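S.K.: Before we start, here is the structure in question, set down as structure tokens.
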Amino acid sequence: MSSPTTILAPTTAERVRSACLRAETAVLALPGIDPVPTTLHHLRRCGDAVIAVPADSLAAALAATANETSAVLELTDHAPLPLREPVRALVWLRGWVRQVPPHAQRALAVEIAKDFPHPGLLDVGHGATLLRVVVNSAVLADTSGAESVDHADLRAATADPFCEMEGAWLAHMAEDHADLIAQLARHLPASLQGGRVHPLSIDRYGMTLRVESIDADHDVRLPFSAPADDIESLSKAVRLLAGCPFLNGLRRI
């Protein structure tokens, strides 16, 4: 009797990490006030999040006057390609928000810049203030459903190694390798063969295609035969998945 096939895929905690790193927009929800858009967000290795909000916002005032305030940080992961439905995933980080002490704001901004050199850090102390979200749990939702992650798993997880270059890769595939996408589309169920196919995401374990049909959108996961550890192995994995006899891979972005 053969053993069951293991489907390679990132853990939910890893997907949360990757989505937070890619997300361009985030909104902080606090009790009794309207949601406040953040000017930057950074999920730290410790599992807590640091965000920047306007210094004159109600969120900043509430965090400064209350010792701990329940909070939800909502992040939106958009597809890097123009799609009919651009949102790939939503992440909710739930926990408590605190103001970073004023005397520590600039030092923390400098520390964050070492790993996350966001231009919004330059505004800290000049119209923007840093808040710390002590995360208890996270929820990730996409077309496959919603899953929760506790703080311990989130702290232990890392983002996908190809997360930050994913957008450039998908754009390159869509613009210059329509033949490769057509080959990958052969893995789709017969019921989806007539839709418009786009590369939606790629990670070390596989890739996902978005099929835009007349009635709805469908996301189909295509796992690699083995995880990819570097650019060359990722390129080869895509070519193998497509059944391409030339395994030199896509040219580097």
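Every chain in the structure tokens takes a letter, A first, then B, and so on in the order presented; its residues are numbered from 1, and the ligands are numbered from 1 following the presented order.
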Excluding segment 84-87 of chain A and residues on its chain fewer than 2 positions from it, collect all residues at most 10 Å away from it, counting only C-alpha atoms, and give them as a CSV table (one decimal) with N, CA and C atoms, in the first residue's frame.
M.R.:
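That gives us out36.csv:
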```csv
chain,number,residue,atom,x,y,z
A,76,THR,N,-3.8,44.3,4.1
A,76,THR,CA,-4.4,43.8,2.8
A,76,THR,C,-3.2,43.5,1.9
A,77,ASP,N,-3.2,42.2,1.4
A,77,ASP,CA,-2.2,41.7,0.5
A,77,ASP,C,-2.8,41.8,-0.9
A,78,HIS,N,-2.3,42.7,-1.7
A,78,HIS,CA,-2.8,42.8,-3.1
A,78,HIS,C,-1.9,42.0,-4.1
A,79,ALA,N,-2.6,41.5,-5.1
A,79,ALA,CA,-1.8,40.9,-6.2
A,79,ALA,C,-1.0,41.9,-6.9
A,80,PRO,N,0.3,41.5,-7.3
A,80,PRO,CA,1.1,42.4,-8.0
A,80,PRO,C,0.7,42.7,-9.4
A,81,LEU,N,-0.2,41.9,-10.0
A,81,LEU,CA,-0.7,42.1,-11.4
A,81,LEU,C,-2.1,42.6,-11.4
A,82,PRO,N,-2.5,43.3,-12.4
A,82,PRO,CA,-3.8,43.9,-12.5
A,82,PRO,C,-4.8,42.7,-12.7
A,89,ALA,N,-5.3,38.3,-0.1
A,89,ALA,CA,-5.5,37.8,1.3
A,89,ALA,C,-5.7,39.0,2.2
A,90,LEU,N,-6.3,38.8,3.3
A,90,LEU,CA,-6.5,39.7,4.4
A,90,LEU,C,-5.9,39.1,5.7
A,142,ASP,N,-8.2,34.0,2.7
A,142,ASP,CA,-8.1,34.1,1.3
A,142,ASP,C,-9.2,33.3,0.6
A,143,THR,N,-9.1,33.0,-0.6
A,143,THR,CA,-10.2,32.3,-1.3
A,143,THR,C,-10.4,30.9,-0.8
A,200,LEU,N,-0.8,34.1,-9.9
A,200,LEU,CA,-1.3,34.8,-8.7
A,200,LEU,C,-0.2,35.0,-7.6
A,210,ARG,N,-4.5,32.2,-10.9
A,210,ARG,CA,-5.9,32.8,-10.8
A,210,ARG,C,-6.6,32.6,-12.1
A,212,GLU,N,-9.8,33.6,-14.2
A,212,GLU,CA,-11.0,34.5,-14.2
A,212,GLU,C,-12.0,33.9,-15.2
A,216,ALA,N,-17.1,33.6,-12.1
A,216,ALA,CA,-16.4,33.8,-10.8
A,216,ALA,C,-14.9,33.6,-11.1
A,217,ASP,N,-14.1,33.9,-10.0
A,217,ASP,CA,-12.7,33.7,-10.0
A,217,ASP,C,-12.3,32.5,-9.2
```
S.K.: Env of Ser70 of chain A: 8 Å cut, atoms = only C-alpha atoms, seq-sep filter 6 positions within chain, self excluded. Answer as number ranges by chain.
M.R.: A: 30-31, 94-97
S.K.: Enumerate, in order of chain and increasing residue number, the residues of segment 132-177 of chain A with an atom no farther than 10 Å from segment 181-189 of chain A, each with its shortest atom pair and distance in Å to one decimal, counting only C-alpha atoms, as CSV.
M.R.:
```
residue,atom,partner,partner_atom,distance
A:Met173,CA,A:Ile181,CA,7.4
A:Ala174,CA,A:Ile181,CA,7.6
A:Asp176,CA,A:Ile181,CA,9.9
A:His177,CA,A:Ile181,CA,6.6
```
S.K.: I'd like the contact shell of Leu122 of chain A - 12 Å cut-off, only C-alpha atoms, skipping same-chain residues fewer than 5 positions apart - returned as number ranges by chain.
M.R.: A: 39-40, 52, 105-110, 112-113, 117, 127-130
S.K.: With C-alpha atoms retained, export the selected residues as a tab-separated table (two decimals), in the first residue's frame.
M.R.:
```tsv
chain	number	residue	atom	x	y	z
A	39	THR	CA	1.76	55.07	7.43
A	40	LEU	CA	3.94	51.99	7.97
A	52	ALA	CA	3.20	54.49	12.60
A	105	GLN	CA	10.80	56.47	19.23
A	106	ARG	CA	13.80	57.53	17.15
A	107	ALA	CA	16.00	54.72	18.45
A	108	LEU	CA	13.33	52.15	17.58
A	109	ALA	CA	12.89	53.70	14.12
A	110	VAL	CA	16.63	53.35	13.50
A	112	ILE	CA	13.60	48.86	12.44
A	113	ALA	CA	15.29	50.54	9.45
A	117	PRO	CA	14.06	50.63	5.50
A	127	GLY	CA	4.15	64.25	12.36
A	128	ALA	CA	4.12	60.48	12.90
A	129	THR	CA	4.31	58.45	16.09
A	130	LEU	CA	5.12	54.79	16.66
```
S.K.: For Pro161 of chain A, work out the shell of residues within 9 Å, counting only C-alpha atoms and skipping chain neighbours fewer than 2 positions away, then give it as a list in words.
M.R.: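 Once the adjacent positions are removed, what remains is Ser18, Thr158, Ala159, Cys163, Glu164, Met165, Asp203, Arg204, Asp229 and Asp230 of chain A.
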S.K.: In Å, with one decimal, what is the gap from atom CA of Ala242 of chain A to atom CA of Leu83 of chain A?
M.R.: 22.2 Å
S.K.: Using DSSP secondary structure from the backbone, list all strand (DSSP E or B) positions within segment 12-117 of chain A, as an mmCIF file with N, CA, C and O atoms, in the first residue's frame.
M.R.:
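To be explicit, this is the file written out as result.cif:
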```cif
data_model
loop_
_atom_site.group_PDB
_atom_site.id
_atom_site.type_symbol
_atom_site.label_atom_id
_atom_site.label_comp_id
_atom_site.auth_asym_id
_atom_site.auth_seq_id
_atom_site.Cartn_x
_atom_site.Cartn_y
_atom_site.Cartn_z
ATOM 1 N N THR A 25 -0.944 48.266 2.522
ATOM 2 C CA THR A 25 -1.874 49.049 3.333
ATOM 3 C C THR A 25 -2.241 48.296 4.602
ATOM 4 O O THR A 25 -2.315 47.067 4.619
ATOM 5 N N ALA A 26 -2.455 49.054 5.665
ATOM 6 C CA ALA A 26 -2.896 48.490 6.938
ATOM 7 C C ALA A 26 -3.766 49.518 7.642
ATOM 8 O O ALA A 26 -3.566 50.733 7.491
ATOM 9 N N VAL A 27 -4.726 49.031 8.410
ATOM 10 C CA VAL A 27 -5.658 49.895 9.130
ATOM 11 C C VAL A 27 -5.737 49.407 10.570
ATOM 12 O O VAL A 27 -5.875 48.205 10.827
ATOM 13 N N LEU A 28 -5.645 50.348 11.523
ATOM 14 C CA LEU A 28 -5.732 50.019 12.939
ATOM 15 C C LEU A 28 -7.145 50.309 13.438
ATOM 16 O O LEU A 28 -7.658 51.419 13.274
ATOM 17 N N ALA A 29 -7.764 49.292 14.044
ATOM 18 C CA ALA A 29 -9.105 49.436 14.610
ATOM 19 C C ALA A 29 -9.007 49.416 16.128
ATOM 20 O O ALA A 29 -8.465 48.463 16.715
ATOM 21 N N VAL A 36 -8.030 53.759 11.672
ATOM 22 C CA VAL A 36 -6.973 54.702 11.312
ATOM 23 C C VAL A 36 -5.981 54.023 10.380
ATOM 24 O O VAL A 36 -5.358 53.025 10.763
ATOM 25 N N PRO A 37 -5.790 54.542 9.162
ATOM 26 C CA PRO A 37 -4.761 53.981 8.278
ATOM 27 C C PRO A 37 -3.368 54.230 8.865
ATOM 28 O O PRO A 37 -3.092 55.306 9.412
ATOM 29 N N LEU A 40 3.045 53.133 8.151
ATOM 30 C CA LEU A 40 3.939 51.986 7.967
ATOM 31 C C LEU A 40 3.562 50.920 8.976
ATOM 32 O O LEU A 40 2.950 51.202 10.008
ATOM 33 N N HIS A 41 3.921 49.686 8.663
ATOM 34 C CA HIS A 41 3.701 48.578 9.587
ATOM 35 C C HIS A 41 4.862 47.598 9.438
ATOM 36 O O HIS A 41 5.399 47.422 8.351
ATOM 37 N N HIS A 42 5.248 47.000 10.550
ATOM 38 C CA HIS A 42 6.363 46.054 10.520
ATOM 39 C C HIS A 42 6.128 44.984 11.570
ATOM 40 O O HIS A 42 6.060 45.282 12.772
ATOM 41 N N LEU A 43 5.975 43.736 11.120
ATOM 42 C CA LEU A 43 5.817 42.602 12.033
ATOM 43 C C LEU A 43 7.204 42.113 12.416
ATOM 44 O O LEU A 43 7.952 41.603 11.583
ATOM 45 N N ALA A 49 4.010 43.815 16.456
ATOM 46 C CA ALA A 49 4.036 44.707 15.304
ATOM 47 C C ALA A 49 4.285 46.135 15.761
ATOM 48 O O ALA A 49 3.789 46.561 16.810
ATOM 49 N N VAL A 50 5.061 46.853 14.976
ATOM 50 C CA VAL A 50 5.264 48.281 15.195
ATOM 51 C C VAL A 50 4.613 49.009 14.033
ATOM 52 O O VAL A 50 4.841 48.662 12.867
ATOM 53 N N ILE A 51 3.802 49.999 14.339
ATOM 54 C CA ILE A 51 3.107 50.761 13.299
ATOM 55 C C ILE A 51 3.330 52.250 13.540
ATOM 56 O O ILE A 51 3.669 52.669 14.651
ATOM 57 N N ALA A 52 3.159 53.033 12.486
ATOM 58 C CA ALA A 52 3.205 54.490 12.601
ATOM 59 C C ALA A 52 1.845 55.049 12.219
ATOM 60 O O ALA A 52 1.240 54.605 11.235
ATOM 61 N N VAL A 53 1.364 55.999 13.011
ATOM 62 C CA VAL A 53 0.099 56.683 12.730
ATOM 63 C C VAL A 53 0.353 58.181 12.871
ATOM 64 O O VAL A 53 1.332 58.606 13.490
ATOM 65 N N PRO A 54 -0.518 59.015 12.300
ATOM 66 C CA PRO A 54 -0.356 60.461 12.487
ATOM 67 C C PRO A 54 -0.339 60.827 13.966
ATOM 68 O O PRO A 54 -1.149 60.327 14.755
ATOM 69 N N THR A 69 -4.837 48.957 25.255
ATOM 70 C CA THR A 69 -6.116 49.060 24.567
ATOM 71 C C THR A 69 -6.215 47.936 23.551
ATOM 72 O O THR A 69 -5.269 47.704 22.785
ATOM 73 N N SER A 70 -7.334 47.218 23.559
ATOM 74 C CA SER A 70 -7.498 46.142 22.589
ATOM 75 C C SER A 70 -7.476 46.716 21.180
ATOM 76 O O SER A 70 -7.968 47.820 20.939
ATOM 77 N N ALA A 71 -6.876 45.971 20.271
ATOM 78 C CA ALA A 71 -6.676 46.492 18.920
ATOM 79 C C ALA A 71 -6.703 45.360 17.905
ATOM 80 O O ALA A 71 -6.394 44.202 18.215
ATOM 81 N N VAL A 72 -7.081 45.716 16.681
ATOM 82 C CA VAL A 72 -6.987 44.813 15.537
ATOM 83 C C VAL A 72 -6.302 45.578 14.410
ATOM 84 O O VAL A 72 -6.742 46.674 14.042
ATOM 85 N N LEU A 73 -5.230 45.022 13.901
ATOM 86 C CA LEU A 73 -4.532 45.605 12.758
ATOM 87 C C LEU A 73 -4.888 44.768 11.538
ATOM 88 O O LEU A 73 -4.590 43.577 11.485
ATOM 89 N N GLU A 74 -5.550 45.393 10.567
ATOM 90 C CA GLU A 74 -5.958 44.701 9.347
ATOM 91 C C GLU A 74 -5.007 45.068 8.209
ATOM 92 O O GLU A 74 -4.817 46.246 7.903
ATOM 93 N N LEU A 75 -4.411 44.049 7.586
ATOM 94 C CA LEU A 75 -3.489 44.254 6.478
ATOM 95 C C LEU A 75 -4.042 43.610 5.221
ATOM 96 O O LEU A 75 -4.637 42.527 5.272
ATOM 97 N N THR A 76 -3.837 44.269 4.090
ATOM 98 C CA THR A 76 -4.358 43.793 2.812
ATOM 99 C C THR A 76 -3.206 43.450 1.880
ATOM 100 O O THR A 76 -2.348 44.296 1.602
ATOM 101 N N ASP A 77 -3.193 42.207 1.423
ATOM 102 C CA ASP A 77 -2.178 41.737 0.474
ATOM 103 C C ASP A 77 -2.778 41.765 -0.925
ATOM 104 O O ASP A 77 -3.659 40.969 -1.248
ATOM 105 N N HIS A 78 -2.321 42.706 -1.741
ATOM 106 C CA HIS A 78 -2.821 42.831 -3.105
ATOM 107 C C HIS A 78 -1.944 42.044 -4.083
ATOM 108 O O HIS A 78 -0.724 41.942 -3.906
ATOM 109 N N VAL A 87 -7.403 41.729 -4.415
ATOM 110 C CA VAL A 87 -7.020 41.323 -3.065
ATOM 111 C C VAL A 87 -6.746 39.821 -3.030
ATOM 112 O O VAL A 87 -7.614 39.015 -3.365
ATOM 113 N N ARG A 88 -5.530 39.458 -2.615
ATOM 114 C CA ARG A 88 -5.178 38.036 -2.496
ATOM 115 C C ARG A 88 -5.493 37.492 -1.112
ATOM 116 O O ARG A 88 -5.912 36.342 -0.968
ATOM 117 N N ALA A 89 -5.256 38.303 -0.106
ATOM 118 C CA ALA A 89 -5.462 37.832 1.266
ATOM 119 C C ALA A 89 -5.652 39.021 2.200
ATOM 120 O O ALA A 89 -5.202 40.139 1.919
ATOM 121 N N LEU A 90 -6.329 38.761 3.310
ATOM 122 C CA LEU A 90 -6.457 39.716 4.405
ATOM 123 C C LEU A 90 -5.875 39.080 5.660
ATOM 124 O O LEU A 90 -6.032 37.876 5.895
ATOM 125 N N VAL A 91 -5.192 39.889 6.452
ATOM 126 C CA VAL A 91 -4.625 39.426 7.713
ATOM 127 C C VAL A 91 -5.130 40.335 8.827
ATOM 128 O O VAL A 91 -5.122 41.566 8.690
ATOM 129 N N TRP A 92 -5.580 39.723 9.915
ATOM 130 C CA TRP A 92 -5.965 40.473 11.107
ATOM 131 C C TRP A 92 -5.039 40.079 12.245
ATOM 132 O O TRP A 92 -4.984 38.894 12.638
ATOM 133 N N LEU A 93 -4.294 41.047 12.764
ATOM 134 C CA LEU A 93 -3.450 40.838 13.940
ATOM 135 C C LEU A 93 -4.198 41.388 15.147
ATOM 136 O O LEU A 93 -4.500 42.581 15.212
ATOM 137 N N ARG A 94 -4.496 40.517 16.101
ATOM 138 C CA ARG A 94 -5.304 40.913 17.262
ATOM 139 C C ARG A 94 -4.426 40.968 18.509
ATOM 140 O O ARG A 94 -3.569 40.114 18.716
ATOM 141 N N GLY A 95 -4.666 41.965 19.337
ATOM 142 C CA GLY A 95 -3.905 42.068 20.572
ATOM 143 C C GLY A 95 -4.162 43.375 21.291
ATOM 144 O O GLY A 95 -5.304 43.828 21.390
ATOM 145 N N TRP A 96 -3.074 43.993 21.779
ATOM 146 C CA TRP A 96 -3.148 45.232 22.551
ATOM 147 C C TRP A 96 -2.213 46.255 21.940
ATOM 148 O O TRP A 96 -1.153 45.903 21.425
ATOM 149 N N VAL A 97 -2.604 47.516 21.989
ATOM 150 C CA VAL A 97 -1.760 48.568 21.440
ATOM 151 C C VAL A 97 -1.232 49.440 22.572
ATOM 152 O O VAL A 97 -1.930 49.721 23.540
ATOM 153 N N ARG A 98 0.032 49.834 22.434
ATOM 154 C CA ARG A 98 0.673 50.728 23.394
ATOM 155 C C ARG A 98 1.477 51.764 22.621
ATOM 156 O O ARG A 98 2.011 51.470 21.557
ATOM 157 N N GLN A 99 1.596 52.931 23.193
ATOM 158 C CA GLN A 99 2.466 53.925 22.578
ATOM 159 C C GLN A 99 3.923 53.602 22.916
ATOM 160 O O GLN A 99 4.245 53.236 24.052
#
```
